[in-house]
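A.B. asks: Input structure: target.cif, which contains mmCIF, C-alpha atoms.
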data_upload
loop_
_atom_site.label_atom_id
_atom_site.label_comp_id
_atom_site.auth_asym_id
_atom_site.auth_seq_id
_atom_site.Cartn_x
_atom_site.Cartn_y
_atom_site.Cartn_z
CA MET A 8 3.80 9.09 19.03
CA LYS A 9 2.29 8.85 15.54
CA ARG A 10 -1.46 8.84 14.91
CA THR A 11 -2.04 5.78 12.77
CA GLY A 12 -5.15 4.95 10.79
CA ILE A 13 -6.10 1.35 10.05
CA PHE A 14 -8.54 0.82 7.18
CA PHE A 15 -10.16 -2.60 7.04
CA PRO A 16 -12.95 -3.26 4.54
CA TYR A 17 -14.89 -6.33 5.62
CA MET A 18 -13.44 -9.31 3.76
CA GLU A 19 -13.83 -13.04 3.78
CA GLY A 20 -10.84 -15.23 3.12
CA GLU A 21 -8.18 -17.29 4.78
CA ARG A 22 -5.16 -14.99 4.85
CA LEU A 23 -6.77 -12.28 7.01
CA LYS A 24 -8.88 -14.59 9.15
CA ASP A 25 -7.08 -13.47 12.33
CA PHE A 26 -7.89 -9.78 11.68
CA PRO A 27 -8.82 -7.54 13.28
CA ASN A 28 -8.74 -9.77 16.35
CA PRO A 29 -6.88 -11.59 17.76
CA ALA A 30 -4.02 -10.35 15.56
CA LEU A 31 -4.41 -6.66 16.48
CA GLU A 32 -5.04 -7.09 20.20
CA GLY A 33 -2.95 -4.59 22.12
CA ILE A 34 -2.94 -2.25 19.11
CA LEU A 35 -6.55 -1.24 18.54
CA GLU A 36 -6.89 -0.18 22.18
CA LYS A 37 -4.24 2.53 21.82
CA GLU A 38 -5.44 6.14 21.81
CA ASN A 39 -3.27 7.01 18.81
CA VAL A 40 -4.70 4.21 16.62
CA PHE A 41 -7.85 4.93 14.61
CA TYR A 42 -9.57 1.85 13.22
CA HIS A 43 -12.01 2.15 10.29
CA ASP A 44 -14.16 -0.69 8.97
CA THR A 45 -17.24 -1.11 6.80
CA ARG A 46 -19.51 -2.28 9.58
CA TYR A 47 -19.41 -1.61 13.31
CA GLU A 48 -19.98 -5.19 14.44
CA VAL A 49 -16.47 -6.13 13.33
CA MET A 50 -14.95 -4.11 16.16
CA ASP A 51 -16.58 -2.07 18.94
CA GLY A 52 -15.72 1.61 18.74
CA ALA A 53 -14.63 1.50 15.12
CA TYR A 54 -15.14 4.36 12.69
CA TYR A 55 -16.90 3.87 9.41
CA LEU A 56 -14.85 3.34 6.28
CA LYS A 57 -16.04 5.88 3.70
CA LYS A 58 -16.92 4.59 0.26
CA MET A 59 -15.23 6.63 -2.44
CA PRO A 60 -17.36 8.20 -5.21
CA GLU A 61 -17.37 6.00 -8.30
CA GLU A 62 -16.80 9.11 -10.45
CA LEU A 63 -13.21 9.12 -9.17
CA LEU A 64 -12.52 5.91 -11.08
CA ALA A 65 -12.76 7.76 -14.41
CA GLU A 66 -9.88 10.03 -13.40
CA VAL A 67 -7.55 7.02 -13.43
CA HIS A 68 -9.05 4.17 -15.48
CA THR A 69 -10.81 4.03 -18.85
CA LYS A 70 -14.58 3.81 -19.07
CA GLU A 71 -14.30 0.42 -20.78
CA MET A 72 -12.15 -1.03 -18.02
CA ILE A 73 -14.43 0.30 -15.30
CA GLU A 74 -17.44 -1.30 -16.96
CA ARG A 75 -15.62 -4.64 -17.19
CA VAL A 76 -14.79 -4.57 -13.48
CA LYS A 77 -18.34 -3.56 -12.56
CA LYS A 78 -19.60 -6.78 -14.09
CA LEU A 79 -17.42 -8.88 -11.78
CA GLU A 80 -18.87 -10.53 -8.70
CA ALA A 81 -15.99 -9.05 -6.74
CA PHE A 82 -16.85 -5.43 -7.61
CA ASP A 83 -18.20 -4.45 -4.20
CA GLY A 84 -15.05 -5.71 -2.48
CA VAL A 85 -12.91 -4.02 -5.11
CA ILE A 86 -14.45 -0.58 -4.55
CA TRP A 87 -14.19 -0.89 -0.76
CA SER A 88 -10.53 -1.94 -1.01
CA ALA A 89 -9.67 1.15 -3.06
CA SER A 90 -11.76 3.36 -0.78
CA GLY A 91 -9.50 2.67 2.19
CA THR A 92 -6.45 4.15 0.47
CA VAL A 93 -8.36 7.20 -0.72
CA GLN A 94 -9.79 7.86 2.74
CA ALA A 95 -6.39 7.35 4.38
CA SER A 96 -4.83 10.01 2.15
CA GLU A 97 -7.68 12.44 2.86
CA MET A 98 -7.31 12.02 6.61
CA ILE A 99 -3.56 12.55 6.37
CA PHE A 100 -3.86 15.77 4.35
CA GLU A 101 -6.60 17.01 6.69
CA GLY A 102 -4.26 16.49 9.66
CA LYS A 103 -6.37 13.82 11.37
CA ILE A 104 -3.75 11.04 11.20
CA ASP A 105 -0.04 10.88 10.39
CA ASN A 106 0.23 7.54 8.62
CA ALA A 107 -1.90 4.53 7.74
CA PHE A 108 -2.11 0.82 7.04
CA VAL A 109 -4.70 -0.18 4.45
CA PHE A 110 -5.94 -3.76 4.20
CA THR A 111 -6.88 -4.49 0.60
CA GLY A 112 -8.55 -7.59 -0.69
CA TYR A 113 -7.93 -6.72 -4.32
CA GLY A 114 -4.39 -5.61 -4.91
CA ASP A 115 -3.15 -2.46 -6.54
CA HIS A 116 -0.08 -2.50 -8.72
CA HIS A 117 -1.25 -4.75 -11.58
CA ALA A 118 -4.15 -2.39 -12.39
CA GLY A 119 -3.25 0.04 -15.19
CA LYS A 120 -5.20 2.59 -17.14
CA ASP A 121 -7.11 0.06 -19.24
CA PHE A 122 -6.10 -3.35 -17.89
CA TYR A 123 -6.14 -5.37 -14.69
CA GLY A 124 -4.84 -8.73 -13.50
CA GLY A 125 -3.13 -10.63 -10.74
CA GLY A 126 -5.97 -9.98 -8.31
CA CYS A 127 -5.68 -6.20 -8.84
CA TYR A 128 -8.70 -4.43 -10.36
CA PHE A 129 -8.32 -0.74 -9.49
CA ASN A 130 -5.11 1.06 -8.56
CA SER A 131 -5.88 2.59 -5.17
CA ALA A 132 -2.63 4.58 -4.87
CA ALA A 133 -3.34 6.20 -8.26
CA LEU A 134 -6.91 6.95 -7.20
CA ALA A 135 -5.69 8.52 -3.96
CA ILE A 136 -3.18 10.64 -5.88
CA ALA A 137 -5.80 11.85 -8.38
CA ASN A 138 -8.13 12.73 -5.51
CA ALA A 139 -5.43 14.54 -3.51
CA ARG A 140 -4.34 16.57 -6.50
CA ARG A 141 -7.87 17.75 -7.23
CA LYS A 142 -9.01 18.21 -3.64
CA TYR A 143 -5.88 19.51 -1.88
CA GLY A 144 -3.60 20.69 -4.70
CA ILE A 145 -0.89 18.18 -3.74
CA LYS A 146 1.60 17.59 -6.54
CA ARG A 147 4.52 15.31 -5.67
CA PHE A 148 4.30 11.71 -4.50
CA ALA A 149 6.48 8.62 -4.16
CA ILE A 150 5.45 4.98 -4.42
CA VAL A 151 7.83 2.27 -3.23
CA ASP A 152 6.86 -1.25 -4.21
CA THR A 153 8.39 -4.24 -2.42
CA ASP A 154 6.05 -6.86 -3.84
CA PRO A 155 8.46 -9.11 -5.80
CA HIS A 156 6.28 -8.98 -8.93
CA HIS A 157 6.64 -6.04 -11.31
CA GLY A 158 3.97 -3.38 -10.82
CA ASP A 159 3.05 -3.09 -14.47
CA GLY A 160 -0.19 -1.22 -13.73
CA THR A 161 1.42 1.48 -11.59
CA TRP A 162 4.21 1.87 -14.13
CA ASP A 163 1.65 2.26 -16.92
CA LEU A 164 -0.36 4.90 -15.07
CA PHE A 165 2.57 7.13 -14.14
CA LYS A 166 5.11 6.51 -16.90
CA GLU A 167 4.82 10.11 -18.17
CA ASP A 168 4.28 11.75 -14.77
CA GLN A 169 7.58 13.08 -13.43
CA ASP A 170 5.97 14.25 -10.19
CA VAL A 171 5.32 10.65 -9.13
CA LEU A 172 8.45 8.74 -8.20
CA TYR A 173 7.88 5.00 -8.55
CA ILE A 174 10.56 2.59 -7.33
CA CYS A 175 9.69 -1.02 -8.05
CA PHE A 176 11.85 -3.69 -6.40
CA CYS A 177 11.01 -6.76 -8.48
CA VAL A 178 12.55 -10.00 -9.65
CA ARG A 179 12.25 -9.31 -13.37
CA ALA A 180 13.07 -5.67 -14.02
CA ASN A 181 12.43 -5.18 -17.71
CA GLU A 182 11.54 -1.50 -17.99
CA THR A 183 13.82 1.36 -19.00
CA ASN A 184 14.19 3.83 -16.16
CA ARG A 185 12.71 7.21 -17.14
CA ASN A 186 10.60 10.08 -15.76
CA ASN A 187 11.34 9.09 -12.14
CA LYS A 188 10.27 5.49 -12.73
CA ILE A 189 12.92 3.08 -11.46
CA ASP A 190 12.78 -0.67 -11.98
CA VAL A 191 15.20 -2.31 -9.53
CA SER A 192 16.16 -5.88 -10.37
CA ILE A 193 16.13 -8.23 -7.37
CA PRO A 194 17.96 -11.59 -7.55
CA TRP A 195 15.65 -14.59 -7.31
CA LYS A 196 17.28 -15.75 -4.07
CA LEU A 197 19.04 -13.49 -1.61
CA SER A 198 19.32 -12.88 2.12
CA SER A 199 17.33 -10.30 4.04
CA LYS A 200 20.53 -8.36 4.62
CA GLU A 201 21.28 -8.26 0.89
CA TYR A 202 17.71 -7.20 0.13
CA LEU A 203 17.77 -4.38 2.67
CA MET A 204 21.03 -3.11 1.21
CA ILE A 205 19.41 -2.87 -2.24
CA VAL A 206 16.43 -0.99 -0.81
CA GLU A 207 18.66 1.35 1.20
CA SER A 208 20.60 2.25 -1.95
CA GLU A 209 17.44 3.88 -3.33
CA LEU A 210 16.32 5.79 -0.24
CA SER A 211 18.31 8.85 -1.23
CA THR A 212 16.26 8.98 -4.44
CA ILE A 213 13.12 9.41 -2.32
CA ARG A 214 14.78 12.15 -0.29
CA ASP A 215 15.87 13.96 -3.46
CA HIS A 216 12.36 13.77 -4.93
CA GLN A 217 10.83 15.46 -1.86
CA PRO A 218 7.36 13.88 -2.08
CA GLU A 219 4.47 15.20 -0.03
CA LEU A 220 3.30 11.67 0.73
CA ILE A 221 4.82 8.20 0.33
CA PHE A 222 2.87 5.07 -0.56
CA TRP A 223 4.40 1.71 0.29
CA ASN A 224 3.01 -1.14 -1.80
CA PHE A 225 3.71 -3.86 0.74
CA GLY A 226 3.56 -7.42 -0.55
CA TYR A 227 4.77 -10.23 1.67
CA ASP A 228 4.69 -12.82 -1.13
CA GLY A 229 8.49 -12.58 -1.39
CA THR A 230 8.85 -14.10 2.08
CA GLN A 231 10.39 -17.53 2.54
CA ASP A 232 7.86 -20.30 1.74
CA GLU A 233 5.45 -17.88 0.04
CA TYR A 234 4.47 -18.18 -3.65
CA GLY A 235 6.94 -15.45 -4.66
CA ASP A 236 9.72 -16.57 -2.29
CA ILE A 237 12.89 -14.56 -2.99
CA GLY A 238 14.55 -15.64 0.24
CA ILE A 239 13.75 -12.83 2.69
CA SER A 240 12.62 -13.55 6.25
CA LYS A 241 9.38 -12.51 7.96
CA GLY A 242 11.36 -10.04 10.07
CA CYS A 243 12.64 -8.24 6.98
CA HIS A 244 9.29 -6.50 6.45
CA GLN A 245 9.40 -4.81 9.86
CA LYS A 246 12.88 -3.53 9.04
CA LEU A 247 11.54 -2.15 5.75
CA ALA A 248 8.75 -0.40 7.66
CA LYS A 249 11.30 1.29 9.94
CA ARG A 250 13.30 2.53 6.97
CA PHE A 251 10.34 3.89 5.02
CA LYS A 252 8.90 5.50 8.15
CA LYS A 253 12.23 7.22 8.81
CA VAL A 254 12.37 8.60 5.27
CA ALA A 255 8.77 9.80 5.53
CA ASP A 256 9.63 11.56 8.78
CA GLU A 257 12.55 13.26 7.07
CA VAL A 258 10.87 14.45 3.88
CA CYS A 259 7.08 14.66 4.29
CA ARG A 260 6.19 15.02 7.96
CA GLY A 261 5.72 11.28 8.40
CA ARG A 262 3.05 10.93 5.72
CA LEU A 263 3.20 7.25 4.81
CA ILE A 264 0.45 4.93 3.59
CA THR A 265 1.19 1.22 3.65
CA VAL A 266 -1.03 -0.64 1.17
CA LEU A 267 -1.28 -4.40 1.57
CA CYS A 268 -0.65 -6.09 -1.77
CA GLY A 269 0.54 -9.66 -2.42
CA GLY A 270 0.77 -12.55 -0.01
CA HIS A 271 -1.22 -15.69 0.68
CA GLN A 272 -0.28 -17.43 3.91
CA ARG A 273 -2.34 -16.64 6.98
CA LYS A 274 0.45 -17.34 9.45
CA ILE A 275 2.81 -14.90 7.72
CA ALA A 276 0.16 -12.16 7.58
CA THR A 277 -0.62 -12.65 11.27
CA TYR A 278 3.06 -12.39 12.15
CA VAL A 279 4.13 -9.53 9.89
CA ILE A 280 1.22 -7.08 9.67
CA PRO A 281 0.83 -6.33 13.40
CA ARG A 282 4.56 -5.64 13.64
CA ILE A 283 4.39 -3.17 10.77
CA ILE A 284 1.42 -1.39 12.35
CA ARG A 285 3.23 -1.25 15.70
CA CYS A 286 6.16 0.39 13.92
CA LEU A 287 3.89 2.95 12.23
CA ALA A 288 2.16 3.81 15.51
CA ASP A 289 5.35 3.88 17.65
CA ILE A 290 4.06 1.04 19.83
CA GLU A 291 6.86 -0.84 21.54
#
Just give me the structure as structure tokens.
C.D. replies:
Amino acid sequence: MKRTGIFFPYMEGERLKDFPNPALEGILEKENVFYHDTRYEVMDGAYYLKKMPEELLAEVHTKEMIERVKKLEAFDGVIWSASGTVQASEMIFEGKIDNAFVFTGYGDHHAGKDFYGGGCYFNSAALAIANARRKYGIKRFAIVDTDPHHGDGTWDLFKEDQDVLYICFCVRANETNRNNKIDVSIPWKLSSKEYLMIVESELSTIRDHQPELIFWNFGYDGTQDEYGDIGISKGCHQKLAKRFKKVADEVCRGRLITVLCGGHQRKIATYVIPRIIRCLADIE
């Protein structure tokens, strides 16, 4: 049974209104699930979420960009969102948990070295990678991105870094594949079966890369009736989770961090996210 960390910075908003409870009832009580939040009153018995040092930002983003984000009203939420991914990676490399699900209020993959957009202000996977390289000497990583929008920020940050494999499954693939950066074009409308076949065709690339940790940029905005609807069902995301977890088990001792990215509808979040966490934690 996997030890799964859940990282939940306190957030207001409609889409995660059912979290942590009632959506995670029957999950948080499990002995192999470790729940971290920013304030104890959200959930009895929770662990504190650790705020990352702001100096880490300069290892990924430019000083000018950081200053722009600091002036935003959302800055406190932004820094806590990124902190969850950084802390999850630290706990994995210190052997305290095996995998993690990180709730973010402020995206990831549209934040590049000196730009941000689409609700993404800092790139938490990139921050976690920079921190792990400096702190633990970890070199090779993989990022799989199933948000239907192109992760221009992640691509920008790692375009010259061959040790980071980035596979972006997006509707408009317009980048030239190079340096282990792969832009996979997804048709605007397709079935879940067709989508899973496309994803499965790239799993061998992850195995060949032999990462020491896999990040999954999980966006559910491609689900039917969402704002990025590409035709896939709610159940497709759980099937993706099973596939990525299996690959992580094969190549990097199960080290997998699922980072919540796009998605708007509350009912879809409440349906999909608990099922993904149950998969990560081996809860039937």
A.B. asks: What is the atom CA of A:Pro60-atom CA of A:Thr111 distance in Å, reported with one decimal?
C.D. replies: 17.5 Å
A.B. asks: With only C-alpha atoms as the atoms that count, which of A:Ile239, A:Leu23, A:Arg10, A:Val40 lies nearest to A:Gly102?
C.D. replies: A:Arg10
A.B. asks: To verify the selection step, state as a PyMOL selection string which residues the PyMOL selection byres ((chain A and resi 68) around 12) yields on this input.
C.D. replies: chain A and resi 61-67+69-76+118-123+128-131+133-134+137+160-161+163-164
A.B. asks: For the PyMOL selection byres ((chain A and resi 268) around 10), applied here, can you spell out every residue it catches as a list of chain:residue names?
C.D. replies: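 For this structure, the PyMOL selection byres ((chain A and resi 268) around 10) captures A:Val109, A:Phe110, A:Thr111, A:Gly112, A:Tyr113, A:Gly114, A:Asp115, A:His116, A:His117, A:Gly126, A:Cys127, A:Asp152, A:Thr153, A:Asp154, A:Trp223, A:Asn224, A:Phe225, A:Gly226, A:Tyr227, A:Asp228, A:Thr265, A:Val266, A:Leu267, A:Gly269, A:Gly270, A:His271.
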A.B. asks: To one decimal place in Å, what is the distance between atom CA of A:Gly238 and atom CA of A:Ser199?
C.D. replies: 7.1 Å
A.B. asks: At a cut-off of 8 Å from (7.8, -0.7, 4.7) in the coordinates of the file, what residues are picked up using only C-alpha atoms, written as a PDB file with C-alpha atoms, in the frame of the given file?
C.D. replies:
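Saved file point.pdb follows:
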ATOM      1  CA  THR A 153       8.390  -4.240  -2.420  1.00  0.00           C
ATOM      2  CA  TRP A 223       4.400   1.710   0.290  1.00  0.00           C
ATOM      3  CA  PHE A 225       3.710  -3.860   0.740  1.00  0.00           C
ATOM      4  CA  HIS A 244       9.290  -6.500   6.450  1.00  0.00           C
ATOM      5  CA  GLN A 245       9.400  -4.810   9.860  1.00  0.00           C
ATOM      6  CA  LYS A 246      12.880  -3.530   9.040  1.00  0.00           C
ATOM      7  CA  LEU A 247      11.540  -2.150   5.750  1.00  0.00           C
ATOM      8  CA  ALA A 248       8.750  -0.400   7.660  1.00  0.00           C
ATOM      9  CA  LYS A 249      11.300   1.290   9.940  1.00  0.00           C
ATOM     10  CA  ARG A 250      13.300   2.530   6.970  1.00  0.00           C
ATOM     11  CA  PHE A 251      10.340   3.890   5.020  1.00  0.00           C
ATOM     12  CA  LYS A 252       8.900   5.500   8.150  1.00  0.00           C
ATOM     13  CA  THR A 265       1.190   1.220   3.650  1.00  0.00           C
ATOM     14  CA  ILE A 283       4.390  -3.170  10.770  1.00  0.00           C
TER      15      ILE A 283
END
A.B. asks: Just the number, please: distance in Å from atom CA of A:Cys177 to atom CA of A:Glu209, one decimal.
C.D. replies: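 Atom CA of A:Glu209 lies at a distance of 13.5 Å from atom CA of A:Cys177.
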A.B. asks: Counting all atoms listed in the file, which of A:Glu101, A:Gly124, A:Phe176, A:Asn184 gets nearest to A:Ser208?
C.D. replies: A:Phe176
A.B. asks: Select, from A:Glu207, A:Asp289, A:Trp162, A:Phe41, the residue with the minimum atom-to-atom distance to A:Asn187, counting all atoms listed in the file.
C.D. replies: A:Trp162
A.B. asks: Could you check which of A:Cys175, A:Val279, A:Leu287, A:Leu210 is closest to A:Gly261, using only C-alpha atoms?
C.D. replies: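 That would be A:Leu287, the residue with the smallest distance to A:Gly261.
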A.B. asks: Counting only C-alpha atoms, I want the residues whose atoms come within 12 Å of (0.4, -13.8, 11.3) in the file frame, returned as a list in words.
C.D. replies: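 Selection result: Glu21, Arg22, Leu23, Lys24, Asp25, Phe26, Pro27, Asn28, Pro29, Ala30, Leu31, Tyr227, Lys241, Gly242, Gly270, His271, Gln272, Arg273, Lys274, Ile275, Ala276, Thr277, Tyr278, Val279, Ile280, Pro281, Arg282 and Ile283 of chain A.
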A.B. asks: I would like the residues chosen by the PyMOL selection byres ((chain A and resi 95) around 9) on the shown file; could you give them as number ranges by chain?
C.D. replies: A: 12-14, 90-94, 96-100, 104, 106-109, 135, 264
A.B. asks: From the options A:Cys243, A:Tyr54, A:Lys196, A:Leu263, which residue's atoms come nearest to A:Ala288, counting all atoms listed in the file?
C.D. replies: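 Of the candidates, the smallest distance to A:Ala288 is held by A:Leu263.
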A.B. asks: Check the smallest atom-to-atom distance from each of A:Asp44, A:Asp168, A:Asp232, A:Glu219 to A:Tyr143 using all atoms listed in the file, then report the winner.
C.D. replies: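 For A:Tyr143, the nearest of the given residues is A:Glu219.
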A.B. asks: Copy stretch 86-144 of chain A out of the block into a file, keeping C-alpha atoms, as a PDB file, in the first residue's frame.
C.D. replies:
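New file decode_7.pdb:
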ATOM      1  CA  ILE A  86       3.280  31.034  -2.980  1.00  0.00           C
ATOM      2  CA  TRP A  87       1.292  28.505  -0.935  1.00  0.00           C
ATOM      3  CA  SER A  88       0.193  26.684  -4.107  1.00  0.00           C
ATOM      4  CA  ALA A  89       3.800  26.282  -5.252  1.00  0.00           C
ATOM      5  CA  SER A  90       4.910  25.299  -1.747  1.00  0.00           C
ATOM      6  CA  GLY A  91       2.794  22.156  -1.812  1.00  0.00           C
ATOM      7  CA  THR A  92       4.653  20.720  -4.802  1.00  0.00           C
ATOM      8  CA  VAL A  93       8.053  21.576  -3.344  1.00  0.00           C
ATOM      9  CA  GLN A  94       7.198  19.991   0.003  1.00  0.00           C
ATOM     10  CA  ALA A  95       5.753  16.896  -1.684  1.00  0.00           C
ATOM     11  CA  SER A  96       9.005  16.319  -3.572  1.00  0.00           C
ATOM     12  CA  GLU A  97      11.070  16.785  -0.403  1.00  0.00           C
ATOM     13  CA  MET A  98       8.994  14.258   1.505  1.00  0.00           C
ATOM     14  CA  ILE A  99       9.292  11.759  -1.344  1.00  0.00           C
ATOM     15  CA  PHE A 100      13.088  12.041  -1.566  1.00  0.00           C
ATOM     16  CA  GLU A 101      13.350  11.829   2.231  1.00  0.00           C
ATOM     17  CA  GLY A 102      11.388   8.559   2.155  1.00  0.00           C
ATOM     18  CA  LYS A 103       8.398   9.840   4.138  1.00  0.00           C
ATOM     19  CA  ILE A 104       5.804   9.299   1.389  1.00  0.00           C
ATOM     20  CA  ASP A 105       5.740   7.470  -1.946  1.00  0.00           C
ATOM     21  CA  ASN A 106       3.536   9.740  -4.039  1.00  0.00           C
ATOM     22  CA  ALA A 107       1.403  12.855  -3.702  1.00  0.00           C
ATOM     23  CA  PHE A 108      -1.575  14.861  -4.866  1.00  0.00           C
ATOM     24  CA  VAL A 109      -1.115  18.635  -4.742  1.00  0.00           C
ATOM     25  CA  PHE A 110      -4.098  20.977  -4.828  1.00  0.00           C
ATOM     26  CA  THR A 111      -3.067  24.225  -6.489  1.00  0.00           C
ATOM     27  CA  GLY A 112      -5.132  27.346  -6.769  1.00  0.00           C
ATOM     28  CA  TYR A 113      -2.783  28.981  -9.237  1.00  0.00           C
ATOM     29  CA  GLY A 114      -1.798  26.627 -12.001  1.00  0.00           C
ATOM     30  CA  ASP A 115       1.647  25.681 -13.167  1.00  0.00           C
ATOM     31  CA  HIS A 116       2.356  25.117 -16.825  1.00  0.00           C
ATOM     32  CA  HIS A 117       1.713  28.617 -18.235  1.00  0.00           C
ATOM     33  CA  ALA A 118       4.397  30.138 -15.971  1.00  0.00           C
ATOM     34  CA  GLY A 119       7.743  30.449 -17.768  1.00  0.00           C
ATOM     35  CA  LYS A 120      11.037  32.026 -16.870  1.00  0.00           C
ATOM     36  CA  ASP A 121       9.865  35.607 -17.317  1.00  0.00           C
ATOM     37  CA  PHE A 122       6.142  35.373 -18.090  1.00  0.00           C
ATOM     38  CA  TYR A 123       2.919  34.075 -16.595  1.00  0.00           C
ATOM     39  CA  GLY A 124      -0.703  33.736 -17.663  1.00  0.00           C
ATOM     40  CA  GLY A 125      -3.764  31.539 -17.728  1.00  0.00           C
ATOM     41  CA  GLY A 126      -4.055  31.562 -13.950  1.00  0.00           C
ATOM     42  CA  CYS A 127      -0.466  30.265 -13.572  1.00  0.00           C
ATOM     43  CA  TYR A 128       2.013  32.553 -11.796  1.00  0.00           C
ATOM     44  CA  PHE A 129       4.882  30.328 -10.654  1.00  0.00           C
ATOM     45  CA  ASN A 130       5.837  26.935 -12.067  1.00  0.00           C
ATOM     46  CA  SER A 131       5.742  24.633  -9.049  1.00  0.00           C
ATOM     47  CA  ALA A 132       7.138  21.558 -10.837  1.00  0.00           C
ATOM     48  CA  ALA A 133      10.144  23.616 -11.975  1.00  0.00           C
ATOM     49  CA  LEU A 134      10.613  24.964  -8.450  1.00  0.00           C
ATOM     50  CA  ALA A 135      10.475  21.448  -7.010  1.00  0.00           C
ATOM     51  CA  ILE A 136      13.029  20.255  -9.572  1.00  0.00           C
ATOM     52  CA  ALA A 137      15.424  23.134  -8.825  1.00  0.00           C
ATOM     53  CA  ASN A 138      15.103  22.445  -5.107  1.00  0.00           C
ATOM     54  CA  ALA A 139      15.618  18.678  -5.478  1.00  0.00           C
ATOM     55  CA  ARG A 140      18.685  19.145  -7.634  1.00  0.00           C
ATOM     56  CA  ARG A 141      20.326  21.477  -5.136  1.00  0.00           C
ATOM     57  CA  LYS A 142      19.216  19.698  -1.964  1.00  0.00           C
ATOM     58  CA  TYR A 143      19.362  16.008  -2.942  1.00  0.00           C
ATOM     59  CA  GLY A 144      21.496  15.908  -6.097  1.00  0.00           C
TER      60      GLY A 144
END
